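*Asks:* Sharing entry-v3.json (JSON, C-alpha atoms) below.
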[["chain", "number", "residue", "atom", "x", "y", "z"],
["A", 41, "MET", "CA", 0.00, 0.00, 0.00],
["A", 42, "SER", "CA", 1.17, 3.50, -0.77],
["A", 43, "THR", "CA", 1.01, 6.37, 1.68],
["A", 44, "PRO", "CA", -0.82, 9.60, 0.81],
["A", 45, "LEU", "CA", 2.54, 11.39, 0.44],
["A", 46, "GLU", "CA", 3.87, 8.71, -1.95],
["A", 47, "VAL", "CA", 0.75, 9.07, -4.12],
["A", 48, "PHE", "CA", 1.06, 12.87, -3.98],
["A", 49, "GLU", "CA", 4.70, 12.72, -5.09],
["A", 50, "ALA", "CA", 3.80, 10.32, -7.94],
["A", 51, "ILE", "CA", 1.15, 12.75, -9.20],
["A", 52, "TRP", "CA", 3.70, 15.57, -8.94],
["A", 53, "ALA", "CA", 6.27, 13.61, -10.97],
["A", 54, "GLU", "CA", 3.74, 12.81, -13.68],
["A", 55, "GLN", "CA", 1.87, 16.11, -13.91],
["A", 56, "ILE", "CA", 4.56, 18.69, -13.07],
["A", 57, "GLY", "CA", 7.91, 16.91, -13.29],
["A", 58, "ALA", "CA", 10.89, 19.00, -14.29],
["A", 59, "ALA", "CA", 8.76, 22.13, -14.83],
["A", 60, "LEU", "CA", 9.01, 22.65, -11.05],
["A", 61, "PRO", "CA", 11.36, 20.19, -9.32],
["A", 62, "PHE", "CA", 10.01, 18.60, -6.14],
["A", 63, "VAL", "CA", 12.64, 18.46, -3.39],
["A", 64, "PRO", "CA", 11.95, 16.34, -0.28],
["A", 65, "THR", "CA", 13.01, 18.62, 2.57],
["A", 66, "VAL", "CA", 11.10, 17.42, 5.64],
["A", 67, "ASN", "CA", 13.66, 16.00, 8.05],
["A", 68, "PHE", "CA", 16.44, 16.16, 5.43],
["A", 69, "GLY", "CA", 19.49, 18.37, 5.45],
["A", 70, "VAL", "CA", 19.32, 20.49, 2.31],
["A", 71, "ASP", "CA", 22.07, 22.76, 1.01],
["A", 72, "THR", "CA", 20.06, 25.63, -0.49],
["A", 73, "ALA", "CA", 23.04, 26.74, -2.57],
["A", 74, "THR", "CA", 22.63, 23.58, -4.68],
["A", 75, "LEU", "CA", 18.90, 24.01, -5.34],
["A", 76, "PRO", "CA", 17.53, 25.22, -8.68],
["A", 77, "ASP", "CA", 16.23, 28.78, -9.04],
["A", 78, "LYS", "CA", 12.65, 27.50, -8.64],
["A", 79, "TRP", "CA", 11.62, 24.42, -6.67],
["A", 80, "ALA", "CA", 8.89, 23.05, -4.42],
["A", 81, "SER", "CA", 8.35, 20.80, -1.44],
["A", 82, "ALA", "CA", 5.39, 19.60, 0.63],
["A", 83, "ILE", "CA", 4.46, 18.69, 4.18],
["A", 84, "TYR", "CA", 1.90, 15.94, 4.75],
["A", 85, "GLN", "CA", -0.51, 17.03, 7.51],
["A", 86, "PRO", "CA", -3.17, 14.45, 8.44],
["A", 87, "GLU", "CA", -5.95, 15.82, 10.63],
["A", 88, "GLU", "CA", -8.39, 12.96, 11.15],
["A", 89, "ARG", "CA", -8.37, 9.19, 10.63],
["A", 90, "THR", "CA", -11.61, 7.30, 11.21],
["A", 91, "ASP", "CA", -13.13, 3.90, 10.41],
["A", 92, "VAL", "CA", -15.92, 4.18, 7.85],
["A", 93, "THR", "CA", -16.98, 0.50, 7.91],
["A", 94, "MET", "CA", -17.17, -2.18, 10.59],
["A", 95, "GLY", "CA", -15.64, -5.63, 10.79],
["A", 96, "SER", "CA", -12.18, -7.11, 11.09],
["A", 97, "ASP", "CA", -10.90, -5.31, 7.96],
["A", 98, "PRO", "CA", -12.52, -1.87, 8.17],
["A", 99, "TRP", "CA", -12.11, 0.83, 5.54],
["A", 100, "VAL", "CA", -10.39, 3.82, 7.09],
["A", 101, "GLU", "CA", -10.65, 7.37, 5.79],
["A", 102, "GLU", "CA", -7.93, 9.87, 6.57],
["A", 103, "GLN", "CA", -8.44, 13.58, 5.94],
["A", 104, "GLY", "CA", -6.00, 16.44, 6.06],
["A", 105, "GLN", "CA", -3.95, 18.70, 3.85],
["A", 106, "PHE", "CA", -0.68, 18.96, 2.06],
["A", 107, "LEU", "CA", 1.13, 22.24, 2.70],
["A", 108, "ILE", "CA", 2.93, 22.89, -0.59],
["A", 109, "GLY", "CA", 5.83, 25.33, -0.54],
["A", 110, "LEU", "CA", 6.92, 27.08, -3.74],
["A", 111, "PHE", "CA", 10.33, 28.76, -3.76],
["A", 112, "ALA", "CA", 12.19, 31.06, -6.15],
["A", 113, "ARG", "CA", 15.43, 32.94, -5.76],
["A", 114, "SER", "CA", 14.63, 36.46, -4.57],
["A", 115, "GLY", "CA", 15.03, 39.58, -6.62],
["A", 116, "SER", "CA", 12.56, 39.14, -9.49],
["A", 117, "GLY", "CA", 9.36, 40.50, -7.95],
["A", 118, "ALA", "CA", 6.25, 38.96, -6.44],
["A", 119, "ALA", "CA", 4.92, 37.53, -9.72],
["A", 120, "ILE", "CA", 7.89, 35.20, -10.27],
["A", 121, "LEU", "CA", 5.90, 32.13, -9.09],
["A", 122, "ASP", "CA", 2.54, 32.96, -10.70],
["A", 123, "ALA", "CA", 2.91, 30.36, -13.48],
["A", 124, "GLU", "CA", 3.99, 27.70, -10.98],
["A", 125, "VAL", "CA", 1.01, 28.45, -8.72],
["A", 126, "GLN", "CA", -1.29, 27.80, -11.68],
["A", 127, "LEU", "CA", 0.66, 24.67, -12.62],
["A", 128, "VAL", "CA", 0.15, 23.20, -9.13],
["A", 129, "ARG", "CA", -3.54, 24.16, -9.08],
["A", 130, "ASP", "CA", -4.10, 22.52, -12.48],
["A", 131, "ALA", "CA", -2.23, 19.36, -11.46],
["A", 132, "PHE", "CA", -3.94, 18.75, -8.11],
["A", 133, "HIS", "CA", -7.36, 20.42, -7.87],
["A", 134, "GLY", "CA", -9.79, 17.49, -8.16],
["A", 135, "ALA", "CA", -7.04, 14.88, -8.72],
["A", 136, "ALA", "CA", -7.80, 11.30, -7.68],
["A", 137, "ARG", "CA", -5.47, 8.29, -7.75],
["A", 138, "ASP", "CA", -4.79, 5.17, -5.65],
["A", 139, "ASN", "CA", -7.37, 6.02, -2.97],
["A", 140, "LEU", "CA", -6.15, 9.64, -2.65],
["A", 141, "VAL", "CA", -8.59, 12.41, -3.57],
["A", 142, "ILE", "CA", -7.51, 16.06, -3.55],
["A", 143, "THR", "CA", -10.72, 18.03, -3.20],
["A", 144, "GLN", "CA", -9.34, 21.55, -3.48],
["A", 145, "VAL", "CA", -6.18, 23.62, -3.73],
["A", 146, "ASP", "CA", -6.18, 26.96, -1.90],
["A", 147, "GLY", "CA", -3.72, 29.79, -2.05],
["A", 148, "PRO", "CA", -1.22, 31.10, -2.59],
["A", 149, "HIS", "CA", -0.71, 32.07, 1.01],
["A", 150, "ASP", "CA", 2.06, 34.57, 1.69],
["A", 151, "VAL", "CA", 4.64, 32.91, 3.94],
["A", 152, "ASP", "CA", 6.53, 35.76, 5.60],
["A", 153, "PRO", "CA", 8.25, 37.27, 2.56],
["A", 154, "GLU", "CA", 10.51, 39.28, 4.86],
["A", 155, "GLY", "CA", 11.79, 36.12, 6.57],
["A", 156, "ASP", "CA", 14.55, 35.12, 4.14],
["A", 157, "GLY", "CA", 16.36, 37.38, 1.72],
["A", 158, "GLU", "CA", 17.50, 34.48, -0.48],
["A", 159, "TRP", "CA", 14.13, 32.85, -1.32],
["A", 160, "TRP", "CA", 10.71, 34.17, -2.29],
["A", 161, "ARG", "CA", 8.26, 31.76, -0.65],
["A", 162, "LEU", "CA", 4.60, 31.01, -1.24],
["A", 163, "ALA", "CA", 2.41, 28.20, 0.07],
["A", 164, "LEU", "CA", -0.63, 26.37, -1.25],
["A", 165, "THR", "CA", -2.84, 24.04, 0.75],
["A", 166, "ALA", "CA", -4.32, 20.95, -0.87],
["A", 167, "ARG", "CA", -7.18, 19.32, 1.09],
["A", 168, "PHE", "CA", -7.26, 15.53, 0.74],
["A", 169, "SER", "CA", -8.99, 12.35, 1.76],
["A", 170, "PHE", "CA", -7.33, 8.94, 1.60],
["A", 171, "GLN", "CA", -8.93, 5.54, 2.08],
["A", 172, "SER", "CA", -7.22, 2.34, 3.12],
["A", 173, "VAL", "CA", -8.04, -0.96, 4.81],
["A", 174, "ARG", "CA", -6.85, -1.76, 8.34],
["A", 175, "SER", "CA", -6.56, -5.36, 9.51],
["A", 176, "GLN", "CA", -7.97, -6.03, 12.97],
["A", 177, "LEU", "CA", -7.18, -9.72, 13.09],
["A", 178, "GLY", "CA", -4.90, -10.93, 15.83],
["A", 179, "PRO", "CA", -4.72, -11.21, 19.60],
["A", 180, "LEU", "CA", -5.34, -7.53, 20.34],
["A", 181, "TYR", "CA", -8.65, -7.54, 18.46],
["A", 182, "HIS", "CA", -9.96, -10.95, 19.59],
["A", 183, "GLY", "CA", -10.61, -11.96, 15.97],
["A", 184, "TRP", "CA", -13.79, -9.88, 15.85],
["A", 185, "GLN", "CA", -15.71, -10.80, 12.68],
["A", 186, "GLY", "CA", -18.88, -8.78, 13.19],
["A", 187, "PHE", "CA", -22.01, -9.06, 15.26],
["A", 188, "ASP", "CA", -23.15, -12.48, 16.37],
["A", 189, "GLU", "CA", -26.72, -13.61, 16.98],
["A", 190, "ARG", "CA", -26.51, -13.56, 20.79],
["A", 191, "VAL", "CA", -28.39, -11.01, 22.78],
["A", 192, "PRO", "CA", -26.21, -9.36, 25.44]]
What is this structure when it is put down as structure tokens?

*Replies:*
Amino acid sequence: MSTPLEVFEAIWAEQIGAALPFVPTVNFGVDTATLPDKWASAIYQPEERTDVTMGSDPWVEEQGQFLIGLFARSGSGAAILDAEVQLVRDAFHGAARDNLVITQVDGPHDVDPEGDGEWWRLALTARFSFQSVRSQLGPLYHGWQGFDERVP
């Protein structure tokens, strides 16, 4: 099974690819001097994970958002990432693959433009839902297979 972030990155590679390189930066040391003039990254932010069916193999729905960061070397004005914002919106708004559904893409949100003189930074948020199956067989779950015919 793929994780929501793995599916997200696969969509990115297929729909955006080299037009805006995706750089995994969460919990990685990154030398910003080696990055291209424009690049992007994302943070996977689950907010809720609930069972949507019953039984020993319930469907589980996870909801949350991807926080997508777009970066460009500073010094070319605020519109430098406008085409890339549209590229990300077009690639992800309404996208669905491998149990991941991106329902909307919001933004760009201004991410403290005064915070770093080297990079112009914008963020988009992509709301998602992801469905998977969770196995509840084993000693912790008592092999529950559903309701029996006994009255409590």

*Asks:* To one decimal place in Å, what is the distance between CA of Ser172 (chain A) and CA of Pro86 (chain A)?

*Replies:*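 Answer for the CA of Ser172 (chain A) to CA of Pro86 (chain A) separation: 13.8 Å.
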
*Asks:* Do you know which residues are at most 12 Å from Ser116 (chain A) counting all atoms listed in the file, after dropping those on the same chain fewer than 3 positions away, and could you put them as a PyMOL selection string?

*Replies:* chain A and resi 77-78+112-113+119-122+157-160

*Asks:* For region 58-72 of chain A, please output as number ranges by chain all residues within 6 Å (counting all atoms listed in the file; exclusion window: fewer than 5 positions along the same chain).

*Replies:* A: 79-81

*Asks:* Could you check which of A:Gly57, A:Pro148, A:Gly104, A:Gly109 is closest to Gln171 (chain A), using only C-alpha atoms?

*Replies:*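 Nearest to Gln171 (chain A): A:Gly104.
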
*Asks:* Looking at all atoms listed in the file, which of A:Val145, A:Ile56, A:Leu140, A:Ala50 is the one that sits closest to Gln103 (chain A)?

*Replies:*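 Looking only at the distances to Gln103 (chain A), the closest residue turns out to be A:Leu140.
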
*Asks:* Using all atoms listed in the file, which residues sit within 8 Å of Leu45 (chain A) once same-chain residues fewer than 3 positions away are excluded, as a PyMOL selection string?

*Replies:* chain A and resi 48-49+84

*Asks:* Store the residues of this selection in a file with C-alpha atoms, as a PDB file, keeping the file's coordinate frame.

*Replies:*
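Generated file (selection35.pdb):
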ATOM      1  CA  PHE A  48       1.060  12.870  -3.980  1.00  0.00           C
ATOM      2  CA  GLU A  49       4.700  12.720  -5.090  1.00  0.00           C
ATOM      3  CA  TYR A  84       1.900  15.940   4.750  1.00  0.00           C
TER       4      TYR A  84
END

*Asks:* To one decimal place in Å, what is the distance between CA of His133 (chain A) and CA of Thr93 (chain A)?

*Replies:*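 Between CA of His133 (chain A) and CA of Thr93 (chain A) the gap is 27.2 Å.
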
*Asks:* Please report the interatomic distance between CA of Asp97 (chain A) and CA of Val141 (chain A) in Å with one decimal.

*Replies:*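 Separation of CA of Asp97 (chain A) and CA of Val141 (chain A): 21.3 Å.
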
*Asks:* Hey, which of A:Thr90, A:Gln105, A:Gln85, A:Ser96 ends up closest to Leu164 (chain A)? Count all atoms listed in the file.

*Replies:*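 With all atoms listed in the file as the atom set, the closest residue is A:Gln105.
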
*Asks:* Please provide the set of residues having any atom within 7 Å of Thr165 (chain A), restricted to all atoms listed in the file, with same-chain residues fewer than 6 positions apart removed, written as an mmCIF file with C-alpha atoms, in the coordinates of the input.

*Replies:*
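Final output, saved to selection_14.cif:
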data_model
loop_
_atom_site.group_PDB
_atom_site.id
_atom_site.type_symbol
_atom_site.label_atom_id
_atom_site.label_comp_id
_atom_site.auth_asym_id
_atom_site.auth_seq_id
_atom_site.Cartn_x
_atom_site.Cartn_y
_atom_site.Cartn_z
ATOM 1 C CA GLN A 105 -3.950 18.700 3.850
ATOM 2 C CA PHE A 106 -0.680 18.960 2.060
ATOM 3 C CA LEU A 107 1.130 22.240 2.700
ATOM 4 C CA ILE A 108 2.930 22.890 -0.590
ATOM 5 C CA VAL A 145 -6.180 23.620 -3.730
ATOM 6 C CA ASP A 146 -6.180 26.960 -1.900
ATOM 7 C CA GLY A 147 -3.720 29.790 -2.050
#

*Asks:* Find the residues around Gln144 (chain A) up to 8 Å (all atoms listed in the file counted), leave out those fewer than 5 positions away in its own chain, and share them as JSON, numbers by chain.

*Replies:* {"A": [132, 133, 134, 166, 167, 168]}

*Asks:* For each of A:Asp130, A:Asp150, A:Glu88, A:Asp138, take the minimum atom-to-atom distance to Phe111 (chain A), counting all atoms listed in the file, then give the residue where this is smallest.

*Replies:* A:Asp150

*Asks:* With only C-alpha atoms as the atoms that count, which of A:Val173, A:Val47, A:Leu110, A:Ile83 lies nearest to Ile142 (chain A)?

*Replies:*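 Closest residue, counting only C-alpha atoms: A:Val47.
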
*Asks:* From the options A:Arg137, A:Thr74, A:Ser114, A:Leu127, which residue's atoms come nearest to Thr43 (chain A), counting only C-alpha atoms?

*Replies:*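 Answer, going by the shortest atom-to-atom distance: A:Arg137.
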